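J.: You'll find entry-v1.txt just under this line, and it carries compact mmCIF, C-alpha atoms.
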# COMPACT_ATOMS: atom_id res chain seq x y z
CA MET A 1 -16.97 -61.90 -15.06
CA LYS A 2 -18.66 -58.75 -13.90
CA LYS A 3 -21.41 -59.07 -11.32
CA GLU A 4 -24.85 -57.54 -11.77
CA ILE A 5 -26.61 -56.66 -8.53
CA ILE A 6 -30.15 -55.39 -8.12
CA ASN A 7 -29.94 -53.30 -4.98
CA LYS A 8 -33.44 -52.71 -3.61
CA THR A 9 -32.45 -49.96 -1.16
CA MET A 10 -30.52 -48.00 -3.78
CA LYS A 11 -33.37 -48.42 -6.25
CA PHE A 12 -35.82 -47.09 -3.67
CA PHE A 13 -33.64 -44.01 -3.08
CA ILE A 14 -33.34 -43.21 -6.77
CA SER A 15 -37.03 -43.93 -7.33
CA SER A 16 -37.68 -40.77 -5.35
CA LEU A 17 -35.92 -38.98 -8.21
CA VAL A 18 -37.73 -40.65 -11.10
CA LEU A 19 -38.65 -38.69 -14.17
CA ILE A 20 -42.06 -38.80 -15.77
CA LEU A 21 -41.91 -38.07 -19.47
CA LEU A 22 -45.19 -37.58 -21.32
CA PHE A 23 -45.71 -37.03 -25.03
CA GLY A 24 -48.07 -34.40 -26.39
CA TYR A 25 -48.65 -32.51 -23.15
CA HIS A 26 -49.24 -28.80 -23.75
CA HIS A 27 -50.05 -26.04 -21.35
CA ASN A 28 -50.90 -22.37 -21.60
CA THR A 29 -48.21 -20.76 -19.46
CA HIS A 30 -50.02 -17.40 -19.42
CA ALA A 31 -53.10 -19.00 -17.88
CA ALA A 32 -50.95 -20.86 -15.35
CA ILE A 33 -49.52 -17.67 -13.87
CA LEU A 34 -51.53 -16.86 -10.78
CA LEU A 35 -51.11 -14.04 -8.34
CA GLN A 36 -50.32 -15.12 -4.77
CA GLU A 37 -52.53 -13.96 -1.92
CA ASP A 38 -49.55 -13.58 0.33
CA ILE A 39 -48.11 -10.11 -0.46
CA GLN A 40 -44.87 -8.71 0.92
CA GLN A 41 -45.32 -6.55 4.00
CA ASN A 42 -44.87 -2.82 3.44
CA ILE A 43 -42.67 -2.42 6.47
CA GLN A 44 -39.80 -4.89 6.35
CA SER A 45 -38.63 -6.42 9.61
CA TYR A 46 -35.35 -7.57 8.12
CA THR A 47 -32.32 -6.26 6.23
CA GLU A 48 -31.06 -7.86 3.04
CA PHE A 49 -27.38 -8.31 2.18
CA LYS A 50 -26.04 -9.39 -1.23
CA GLY A 51 -22.54 -10.17 -2.37
CA ILE A 52 -20.03 -12.68 -3.67
CA VAL A 53 -17.45 -14.95 -2.02
CA VAL A 54 -14.17 -15.43 -3.93
CA ASP A 55 -10.70 -16.91 -3.62
CA SER A 56 -8.38 -14.17 -2.35
CA LYS A 57 -5.68 -14.92 -4.94
CA THR A 58 -7.41 -16.18 -8.06
CA LYS A 59 -10.58 -14.09 -7.53
CA GLU A 60 -12.56 -17.16 -8.67
CA PRO A 61 -16.00 -17.52 -7.07
CA LEU A 62 -16.36 -20.08 -4.29
CA ILE A 63 -19.40 -22.27 -4.93
CA PHE A 64 -21.50 -23.48 -1.97
CA ALA A 65 -19.60 -21.35 0.56
CA ASP A 66 -21.47 -21.13 3.87
CA ILE A 67 -22.61 -17.86 5.47
CA THR A 68 -23.98 -18.08 9.02
CA VAL A 69 -25.19 -15.40 11.44
CA ASN A 70 -23.22 -16.09 14.63
CA SER A 71 -25.10 -17.34 17.70
CA THR A 72 -28.14 -18.13 15.52
CA ASN A 73 -29.22 -20.87 13.14
CA ILE A 74 -29.77 -18.38 10.30
CA ARG A 75 -27.64 -19.21 7.26
CA THR A 76 -27.40 -19.38 3.50
CA VAL A 77 -25.02 -20.69 0.83
CA THR A 78 -23.49 -19.18 -2.29
CA ASN A 79 -24.78 -20.25 -5.70
CA LYS A 80 -22.79 -21.58 -8.65
CA GLU A 81 -21.53 -18.06 -9.35
CA GLY A 82 -20.35 -17.55 -5.77
CA LYS A 83 -23.14 -15.07 -5.05
CA PHE A 84 -25.19 -14.96 -1.87
CA LEU A 85 -28.35 -13.38 -0.53
CA LEU A 86 -28.80 -13.14 3.26
CA LYS A 87 -31.83 -11.73 5.08
CA VAL A 88 -31.27 -10.87 8.74
CA PRO A 89 -33.94 -9.75 11.24
CA ASN A 90 -33.31 -6.13 12.23
CA ASN A 91 -32.94 -7.07 15.90
CA LEU A 92 -29.85 -9.14 15.00
CA LEU A 93 -27.92 -6.52 13.03
CA ASP A 94 -25.36 -6.22 15.83
CA LYS A 95 -24.23 -9.81 15.16
CA MET A 96 -21.24 -11.13 13.21
CA ILE A 97 -21.40 -13.49 10.27
CA THR A 98 -19.03 -16.39 9.64
CA VAL A 99 -18.08 -17.22 6.05
CA SER A 100 -16.50 -20.64 5.53
CA PHE A 101 -15.50 -22.94 2.70
CA LEU A 102 -13.84 -26.35 2.53
CA GLY A 103 -10.04 -25.97 2.65
CA TYR A 104 -10.13 -22.21 3.34
CA GLU A 105 -9.70 -20.09 6.45
CA LYS A 106 -13.04 -18.96 7.79
CA GLN A 107 -13.71 -15.24 8.13
CA GLU A 108 -15.86 -13.38 10.65
CA ILE A 109 -17.38 -10.05 9.64
CA PRO A 110 -19.65 -7.66 11.59
CA LEU A 111 -22.97 -7.21 9.81
CA GLN A 112 -22.58 -3.47 10.37
CA ASN A 113 -19.55 -3.57 8.05
CA LEU A 114 -21.57 -4.99 5.16
CA LYS A 115 -23.37 -3.02 2.48
CA ASN A 116 -26.78 -4.00 1.23
CA ARG A 117 -25.36 -4.78 -2.22
CA ASN A 118 -22.08 -5.65 -3.94
CA ASN A 119 -20.23 -7.09 -0.96
CA LYS A 120 -17.06 -8.95 -1.94
CA ILE A 121 -15.68 -11.40 0.60
CA ALA A 122 -12.29 -12.98 -0.15
CA LEU A 123 -11.21 -16.18 1.61
CA SER A 124 -7.63 -17.47 1.77
CA ILE A 125 -6.58 -21.08 1.38
CA SER A 126 -5.67 -22.66 4.70
CA ILE A 127 -1.91 -23.21 4.81
CA THR A 128 -1.79 -25.03 8.14
CA LYS A 129 0.34 -28.14 7.85
CA LEU A 130 -1.87 -31.20 8.06
CA THR A 131 -0.79 -34.34 9.85
CA GLN A 132 -1.50 -37.42 7.80
CA VAL A 133 -1.51 -39.95 10.64
CA LYS A 134 -3.25 -39.89 14.00
CA ILE A 135 -2.92 -42.38 16.84
CA ASN A 136 -6.62 -43.15 16.87
CA VAL A 137 -7.19 -43.30 13.11
CA PRO A 138 -8.76 -46.62 12.02
CA LYS A 139 -6.47 -49.06 10.26
CA ASP A 140 -8.24 -48.69 6.91
CA ALA A 141 -10.69 -46.37 5.16
CA GLU A 142 -13.64 -48.78 5.20
CA THR A 143 -13.39 -49.14 8.98
CA LEU A 144 -13.47 -45.35 9.30
CA VAL A 145 -16.63 -45.12 7.14
CA ARG A 146 -18.32 -47.81 9.22
CA MET A 147 -17.39 -45.96 12.44
CA THR A 148 -18.79 -42.72 11.02
CA LEU A 149 -22.16 -44.31 10.26
CA ASN A 150 -22.29 -46.21 13.56
CA THR A 151 -21.64 -43.15 15.77
CA ARG A 152 -24.30 -40.87 14.31
CA GLY A 153 -26.27 -40.87 17.57
CA GLY A 154 -23.42 -39.16 19.42
CA ASN A 155 -22.09 -36.80 16.77
CA TYR A 156 -25.32 -35.41 15.35
CA TYR A 157 -28.22 -33.41 16.70
CA ASN A 158 -30.28 -36.09 18.40
CA GLU A 159 -33.49 -34.25 19.18
CA GLN A 160 -36.52 -33.41 17.09
CA ALA A 161 -36.11 -30.15 15.20
CA ILE A 162 -38.20 -27.97 12.91
CA MET A 163 -36.09 -26.66 10.06
CA THR A 164 -36.91 -23.99 7.50
CA ALA A 165 -35.40 -24.67 4.09
CA PHE A 166 -35.34 -23.22 0.59
CA TYR A 167 -35.71 -25.66 -2.30
CA ARG A 168 -35.21 -25.07 -6.02
CA GLU A 169 -35.46 -27.33 -9.04
CA THR A 170 -34.72 -26.34 -12.63
CA ILE A 171 -34.96 -28.18 -15.94
CA LYS A 172 -32.84 -26.95 -18.81
CA LYS A 173 -32.83 -27.95 -22.45
CA ARG A 174 -29.25 -27.48 -23.50
CA LYS A 175 -28.42 -24.28 -21.57
CA LYS A 176 -31.84 -22.63 -21.62
CA ASN A 177 -34.28 -22.80 -18.71
CA ALA A 178 -37.42 -24.73 -19.57
CA SER A 179 -38.90 -25.13 -16.10
CA LEU A 180 -38.38 -23.53 -12.70
CA SER A 181 -39.97 -24.52 -9.39
CA GLU A 182 -39.08 -23.05 -5.99
CA ALA A 183 -40.39 -23.54 -2.47
CA VAL A 184 -39.90 -22.69 1.17
CA VAL A 185 -40.55 -25.80 3.22
CA GLU A 186 -40.67 -26.78 6.86
CA ILE A 187 -38.84 -30.00 7.73
CA TYR A 188 -39.80 -31.97 10.81
CA LYS A 189 -36.37 -33.52 11.36
CA GLN A 190 -36.25 -36.66 13.45
CA PRO A 191 -33.30 -37.52 15.75
CA TYR A 192 -30.35 -39.04 13.92
CA ALA A 193 -30.41 -42.07 16.21
CA SER A 194 -34.06 -42.68 15.31
CA ASN A 195 -35.20 -44.83 12.39
CA LYS A 196 -38.26 -42.62 11.86
CA ASN A 197 -38.34 -40.68 8.62
CA ASP A 198 -38.44 -36.89 8.37
CA ALA A 199 -41.61 -35.07 7.29
CA ILE A 200 -42.01 -31.97 5.11
CA ARG A 201 -44.66 -29.26 5.00
CA LEU A 202 -44.95 -26.81 2.11
CA ILE A 203 -44.98 -23.15 3.23
CA LYS A 204 -44.70 -21.22 -0.05
CA SER A 205 -44.00 -22.25 -3.63
CA ARG A 206 -44.03 -20.95 -7.19
CA LYS A 207 -43.39 -22.38 -10.66
CA ASN A 208 -43.12 -21.52 -14.33
CA THR A 209 -42.73 -23.95 -17.24
CA ASN A 210 -42.11 -23.14 -20.88
CA TYR A 211 -43.50 -26.31 -22.44
CA SER A 212 -42.80 -25.10 -25.98
CA ARG A 213 -39.10 -25.27 -25.12
CA LEU A 214 -39.54 -28.89 -24.05
CA ASP A 215 -40.61 -29.88 -27.59
CA THR A 216 -43.86 -31.54 -26.47
CA LEU A 217 -41.92 -33.51 -23.88
CA ALA A 218 -43.09 -32.78 -20.36
CA ILE A 219 -40.49 -33.76 -17.76
CA LYS A 220 -41.58 -34.03 -14.16
CA LEU A 221 -39.34 -34.72 -11.22
CA GLN A 222 -40.95 -37.03 -8.69
CA GLY A 223 -39.76 -36.70 -5.13
CA GLY A 224 -39.26 -32.95 -4.95
CA PRO A 225 -37.76 -31.79 -1.62
CA PHE A 226 -37.56 -35.40 -0.39
CA SER A 227 -35.01 -36.14 -3.11
CA THR A 228 -32.53 -33.71 -1.59
CA LEU A 229 -33.42 -34.74 1.96
CA TYR A 230 -32.61 -38.40 1.23
CA ALA A 231 -29.10 -37.32 0.21
CA ASP A 232 -28.47 -36.96 3.97
CA ILE A 233 -26.22 -40.04 4.16
CA VAL A 234 -26.01 -39.96 7.95
CA LYS A 235 -29.78 -40.05 8.42
CA TYR A 236 -30.42 -42.38 5.48
CA PRO A 237 -27.26 -44.54 5.11
CA GLU A 238 -29.32 -47.48 3.88
CA TYR A 239 -29.80 -45.78 0.52
CA ILE A 240 -26.08 -46.00 -0.27
CA PHE A 241 -24.08 -48.03 2.26
CA THR A 242 -25.57 -51.20 3.77
CA GLU A 243 -24.14 -54.48 4.98
CA ASP A 244 -25.22 -55.88 1.62
CA THR A 245 -23.58 -53.17 -0.48
CA PHE A 246 -20.33 -52.60 1.48
CA PRO A 247 -18.65 -55.64 -0.14
CA TYR A 248 -19.11 -54.09 -3.60
CA TYR A 249 -17.07 -50.97 -2.76
CA GLU A 250 -13.40 -50.28 -2.27
CA PHE A 251 -12.31 -47.47 0.07
CA SER A 252 -9.01 -45.57 0.23
CA PHE A 253 -7.53 -42.50 1.97
CA GLU A 254 -6.87 -39.27 0.07
CA PRO A 255 -4.72 -36.36 1.42
CA SER A 256 -6.30 -34.65 4.42
CA THR A 257 -7.85 -31.18 4.32
CA GLN A 258 -9.37 -28.68 6.74
CA ILE A 259 -12.85 -27.40 7.53
CA ASN A 260 -13.09 -24.48 9.96
CA ASP A 261 -9.60 -25.08 11.39
CA ARG A 262 -10.29 -28.77 12.00
CA GLN A 263 -8.46 -31.58 10.27
CA VAL A 264 -10.65 -33.69 8.02
CA TYR A 265 -9.94 -37.10 6.56
CA VAL A 266 -10.85 -37.60 2.92
CA VAL A 267 -12.05 -41.08 1.98
CA LYS A 268 -12.40 -42.05 -1.66
CA PHE A 269 -14.84 -44.83 -2.55
CA LYS A 270 -15.86 -46.55 -5.77
CA GLN A 271 -17.46 -49.78 -6.87
CA LEU A 272 -15.26 -52.81 -7.50
CA PRO A 273 -14.18 -53.32 -11.13
CA ASN A 274 -16.02 -56.66 -11.35
CA VAL A 275 -19.38 -55.06 -10.42
CA PHE A 276 -21.41 -54.10 -13.47
CA SER A 277 -24.56 -52.67 -11.86
CA PRO A 278 -24.78 -48.91 -11.13
CA PHE A 279 -23.22 -48.03 -7.78
CA TYR A 280 -21.73 -44.81 -6.42
CA TYR A 281 -18.25 -43.31 -6.41
CA GLY A 282 -16.96 -40.16 -4.72
CA LYS A 283 -15.40 -38.69 -1.60
CA LEU A 284 -16.40 -38.51 2.07
CA PHE A 285 -15.02 -35.76 4.33
CA ILE A 286 -14.77 -37.03 7.91
CA ASP A 287 -13.76 -35.01 10.98
CA SER A 288 -10.53 -36.48 12.39
CA GLU A 289 -11.46 -36.03 16.06
CA THR A 290 -15.11 -37.04 16.19
CA PHE A 291 -15.28 -39.18 13.02
CA ALA A 292 -18.40 -37.22 11.97
CA LEU A 293 -19.21 -36.87 8.28
CA THR A 294 -18.95 -33.18 7.44
CA SER A 295 -19.50 -33.34 3.67
CA ALA A 296 -19.84 -35.80 0.80
CA VAL A 297 -19.56 -35.44 -2.97
CA TYR A 298 -20.43 -38.48 -5.06
CA ASN A 299 -21.78 -39.73 -8.39
CA LEU A 300 -23.82 -42.63 -9.65
CA ASN A 301 -22.00 -44.79 -12.19
CA VAL A 302 -24.19 -44.50 -15.31
CA GLU A 303 -22.01 -46.56 -17.66
CA ASN A 304 -24.63 -49.31 -17.66
CA ARG A 305 -27.21 -47.29 -19.60
CA LYS A 306 -29.97 -49.88 -19.46
CA GLN A 307 -29.93 -50.33 -15.68
CA ALA A 308 -29.26 -46.64 -14.99
CA SER A 309 -32.23 -45.64 -17.16
CA ALA A 310 -34.47 -48.15 -15.38
CA LEU A 311 -33.56 -46.59 -12.04
CA PHE A 312 -34.63 -43.09 -13.07
CA LEU A 313 -37.49 -43.40 -15.54
CA ARG A 314 -41.08 -44.06 -14.54
CA LYS A 315 -42.83 -43.28 -17.85
CA LYS A 316 -41.73 -42.37 -21.36
CA PRO A 317 -43.15 -42.41 -24.89
CA ARG A 318 -42.47 -45.62 -26.83
CA LYS A 319 -40.64 -43.79 -29.62
CA VAL A 320 -38.17 -42.12 -27.28
CA THR A 321 -34.83 -43.41 -26.00
CA VAL A 322 -33.72 -41.78 -22.75
CA TYR A 323 -30.63 -42.46 -20.68
CA PRO A 324 -28.73 -40.54 -17.98
CA THR A 325 -25.29 -39.16 -18.77
CA GLU A 326 -24.57 -37.74 -15.30
CA ALA A 327 -25.88 -38.08 -11.75
CA THR A 328 -23.97 -36.01 -9.18
CA TYR A 329 -24.81 -35.61 -5.48
CA ARG A 330 -23.52 -33.37 -2.70
CA VAL A 331 -24.43 -33.04 0.97
CA ASP A 332 -22.95 -30.67 3.57
CA TYR A 333 -23.38 -30.62 7.35
CA LYS A 334 -23.21 -27.77 9.82
CA THR A 335 -22.30 -27.85 13.50
CA THR A 336 -23.76 -26.06 16.51
CA ASN A 337 -22.78 -26.62 20.14
CA GLY A 338 -20.63 -29.56 19.09
CA LYS A 339 -23.43 -31.36 17.23
CA TRP A 340 -23.71 -31.75 13.46
CA TYR A 341 -26.89 -31.50 11.40
CA TYR A 342 -27.96 -31.58 7.74
CA GLY A 343 -27.34 -28.20 6.10
CA TYR A 344 -27.36 -28.41 2.31
CA SER A 345 -27.67 -30.88 -0.56
CA ASN A 346 -27.49 -30.64 -4.32
CA ILE A 347 -28.30 -33.11 -7.09
CA GLN A 348 -27.40 -32.66 -10.76
CA LEU A 349 -28.89 -34.98 -13.38
CA ALA A 350 -28.19 -34.93 -17.12
CA PHE A 351 -30.17 -36.91 -19.69
CA LYS A 352 -29.98 -37.50 -23.41
CA VAL A 353 -33.35 -37.78 -25.19
CA LYS A 354 -33.54 -39.25 -28.71
CA TRP A 355 -36.76 -39.47 -30.74
CA LYS A 356 -36.94 -42.38 -33.16
CA ASN A 357 -37.66 -40.27 -36.27
CA LYS A 358 -35.35 -37.36 -35.41
CA LEU A 359 -31.75 -37.10 -36.55
CA PHE A 360 -30.40 -35.31 -33.48
CA SER A 361 -30.87 -35.94 -29.78
CA SER A 362 -31.64 -33.34 -27.10
CA ASN A 363 -29.78 -32.84 -23.83
CA TYR A 364 -31.68 -32.03 -20.66
CA THR A 365 -30.20 -31.02 -17.31
CA LEU A 366 -32.07 -31.19 -14.03
CA SER A 367 -30.72 -29.38 -10.98
CA ILE A 368 -32.23 -29.59 -7.51
CA GLU A 369 -30.92 -28.15 -4.27
CA MET A 370 -32.10 -27.47 -0.76
CA ALA A 371 -30.50 -25.35 1.99
CA ILE A 372 -31.46 -25.16 5.64
CA THR A 373 -31.86 -21.45 6.37
CA ASP A 374 -33.05 -21.60 10.01
CA TRP A 375 -34.09 -24.15 12.60
CA GLU A 376 -35.15 -24.64 16.19
CA LYS A 377 -35.83 -27.44 18.62
CA ASN A 378 -39.22 -29.02 18.05
CA THR A 379 -41.22 -28.30 21.19
CA THR A 380 -44.64 -28.87 19.59
CA GLY A 381 -44.69 -32.59 20.28
CA LYS A 382 -45.68 -33.19 16.65
CA LYS A 383 -43.54 -35.57 14.62
CA LYS A 384 -45.49 -34.93 11.46
CA PRO A 385 -47.37 -31.71 10.55
CA LYS A 386 -50.83 -31.54 9.06
CA ASN A 387 -50.93 -31.43 5.26
CA SER A 388 -47.42 -32.86 5.06
CA LEU A 389 -46.12 -33.72 1.62
CA LYS A 390 -45.91 -37.28 0.34
CA PRO A 391 -42.41 -38.57 -0.50
CA THR A 392 -43.57 -39.02 -4.11
CA VAL A 393 -44.69 -35.40 -4.46
CA ILE A 394 -44.12 -33.54 -7.74
CA LEU A 395 -43.50 -29.95 -6.69
CA SER A 396 -44.62 -28.44 -10.00
CA ASP A 397 -48.04 -30.02 -9.38
CA GLU A 398 -48.23 -28.46 -5.90
CA ALA A 399 -47.13 -24.93 -6.85
CA SER A 400 -49.84 -22.56 -8.06
CA GLY A 401 -48.06 -20.11 -10.34
CA PHE A 402 -45.32 -17.51 -10.33
CA SER A 403 -45.45 -14.41 -8.17
CA ASP A 404 -43.57 -11.13 -8.04
CA PRO A 405 -39.87 -10.90 -7.02
CA GLU A 406 -40.84 -9.93 -3.45
CA PHE A 407 -42.77 -13.17 -3.07
CA TRP A 408 -40.40 -14.71 -0.51
CA GLY A 409 -40.53 -11.85 1.97
CA LYS A 410 -38.42 -12.54 5.06
CA TYR A 411 -37.37 -16.05 4.00
CA ASN A 412 -33.75 -16.68 3.07
CA ILE A 413 -33.30 -18.16 -0.38
CA ILE A 414 -30.41 -19.26 -2.56
CA GLU A 415 -29.47 -16.34 -4.83
CA PRO A 416 -30.57 -17.09 -8.41
CA GLU A 417 -27.88 -17.64 -11.04
CA LYS A 418 -27.81 -15.30 -14.03
CA SER A 419 -29.77 -17.67 -16.27
CA ILE A 420 -32.44 -18.22 -13.62
CA GLU A 421 -32.48 -14.51 -12.78
CA SER A 422 -33.06 -13.75 -16.46
CA ALA A 423 -35.93 -16.23 -16.58
CA ILE A 424 -37.50 -14.61 -13.50
CA ARG A 425 -37.26 -11.15 -15.10
CA LYS A 426 -39.05 -12.45 -18.19
CA ILE A 427 -41.77 -13.93 -16.01
CA ALA A 428 -42.12 -10.62 -14.14
CA LYS A 429 -42.58 -8.77 -17.45
CA GLN A 430 -45.15 -11.34 -18.45
CA LEU A 431 -47.03 -10.76 -15.19
CA LYS A 432 -47.12 -7.00 -15.81
CA ARG A 433 -48.60 -7.53 -19.26
CA ILE A 434 -51.31 -9.78 -17.81
CA GLN A 435 -52.16 -7.29 -15.04
CA SER A 436 -52.31 -4.26 -17.37
Take the structure I supplied and represent it as structure tokens, if you would.
T.:
Amino acid sequence: MKKEIINKTMKFFISSLVLILLFGYHHNTHAAILLQEDIQQNIQSYTEFKGIVVDSKTKEPLIFADITVNSTNIRTVTNKEGKFLLKVPNNLLDKMITVSFLGYEKQEIPLQNLKNRNNKIALSISITKLTQVKINVPKDAETLVRMTLNTRGGNYYNEQAIMTAFYRETIKKRKKNASLSEAVVEIYKQPYASNKNDAIRLIKSRKNTNYSRLDTLAIKLQGGPFSTLYADIVKYPEYIFTEDTFPYYEFSFEPSTQINDRQVYVVKFKQLPNVFSPFYYGKLFIDSETFALTSAVYNLNVENRKQASALFLRKKPRKVTVYPTEATYRVDYKTTNGKWYYGYSNIQLAFKVKWKNKLFSSNYTLSIEMAITDWEKNTTGKKKPKNSLKPTVILSDEASGFSDPEFWGKYNIIEPEKSIESAIRKIAKQLKRIQS
């Protein structure tokens, strides 16, 4: 008989991602578009580089490849089309950049060799022979995962830091953008050995929502930037792996791989077949020498529609049936001076919405991601900034409109995909009409 478990910690984590669905909510998008007071400086103090990262043989784009300015904490990641946008202060143009991707050989390139546009960087698959067994490898995969979580104080950056990050959330009906919210935030990151939670301050944000495309169904994502921050398994292991939940998983080793010339163990995990409640399944990438988690890709099991829906939904109209069809998570870590830290996370949610009196259902996709683009040691003595966001924040309620394409100024952002870029162009045209 299958077991049903109500996991309070997991429910709390997902509750930061709950959706609020309201019937009959309309909004005049023209009136919601406000001009921002913060205008791009006339004289730029940075240089912008754009390009794409691809596989050297197949020419396929490499998604979530990492681009870092050497000897700095300035970085960005490629989008789902392999494209990147990197802004570098002019006093650092003599630096090199490092481009890396899981299972590929990293490449170092002088910034002076890059063009401002249309750079194409090709990475080759690492062909170094990987050893499958090490003397100090734990006897089983579960023991390795436990060691990884128990040694976070030594492997990860264990001081207070202030991180700058770019956050984006999109809601699509079928394949068309219905809502777009973006923000630059400041994260007051607490030491990994500390049980104190991180804090977030909003620096800049913008939004645009086409409610007519939502068919009178307003979808709001509660949690905002905190949702992606809580995907940091090392800082918040209690949301996925606890002493109470470990017994409901089975762990196994997959073939090893490489990250930046270092061997990495791959651990596969999934819930036991006799467990009926929604748990996670996926892969953990663990450094073979330090046992540090370098990356994780995992999903929530949504086969149990009733329980999965209860985890995500806060409000919905009575005549609507809503259930998730996909919940995918990813988190990547970066290293500096031998210490790892949170670098990027991505969450993809897919829902099916069926009105009682309608023949066909609608499919909605929610995508949220956050990338650390710069950081420094926190020397302010403040663990929490003034006007910090609440963990239950709804970003679209905080943002005050959509500004011009130069809105972000010097801040590094994740390059928009074609569909998002198209939506931004339409918004820009709309702004011009309003201003004329």
J.: Nearest to A:Glu81 among A:Gln112, A:Leu389, A:Pro61, A:Val69, with distances taken over all atoms listed in the file: which residue is it?
T.: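 The answer is A:Pro61, which sits nearest to A:Glu81.
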J.: Considering only C-alpha atoms, state which residue in the set A:Val267, A:Leu229, A:Ile171, A:Ala122 is at the smallest distance from A:Glu186.
T.: A:Leu229
J.: Neighbouring residues of A:Asp374 were defined as those with any atom within 10 Å, considering all atoms listed in the file; residues of the same chain fewer than 2 positions away were excluded. Please report them as a list in words.
T.: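 Final neighbour list, sorted by chain and number: Thr68, Thr72, Asn73, Ile74, Arg75, Thr76, Ile162, Met163, Thr164, Ala165, Phe166, Glu186, Gly343, Ala371, Ile372, Glu376, Tyr411 and Asn412 of chain A.
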J.: Separation of atom CA of A:Lys173 and atom CA of A:Pro317, in Å?
T.: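 Those two atoms sit 17.9 Å apart.
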J.: Quick one: residues within 12 Å of A:Pro110, only C-alpha atoms counted, chain neighbours fewer than 2 positions away excluded, as a list in words?
T.: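 Non-adjacent residues within range: Thr68, Val69, Asn70, Leu92, Leu93, Asp94, Lys95, Met96, Ile97, Thr98, Val99, Gln107, Glu108, Gln112, Asn113, Leu114 and Lys115 of chain A.
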J.: How many Å lie between atom CA of A:Gly401 and atom CA of A:Lys172, rounded to one decimal?
T.: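 Value for the atom CA of A:Gly401-atom CA of A:Lys172 distance: 18.7 Å.
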J.: In Å, with one decimal, what is the gap from atom CA of A:Ser345 to atom CA of A:Arg330?
T.: 5.3 Å
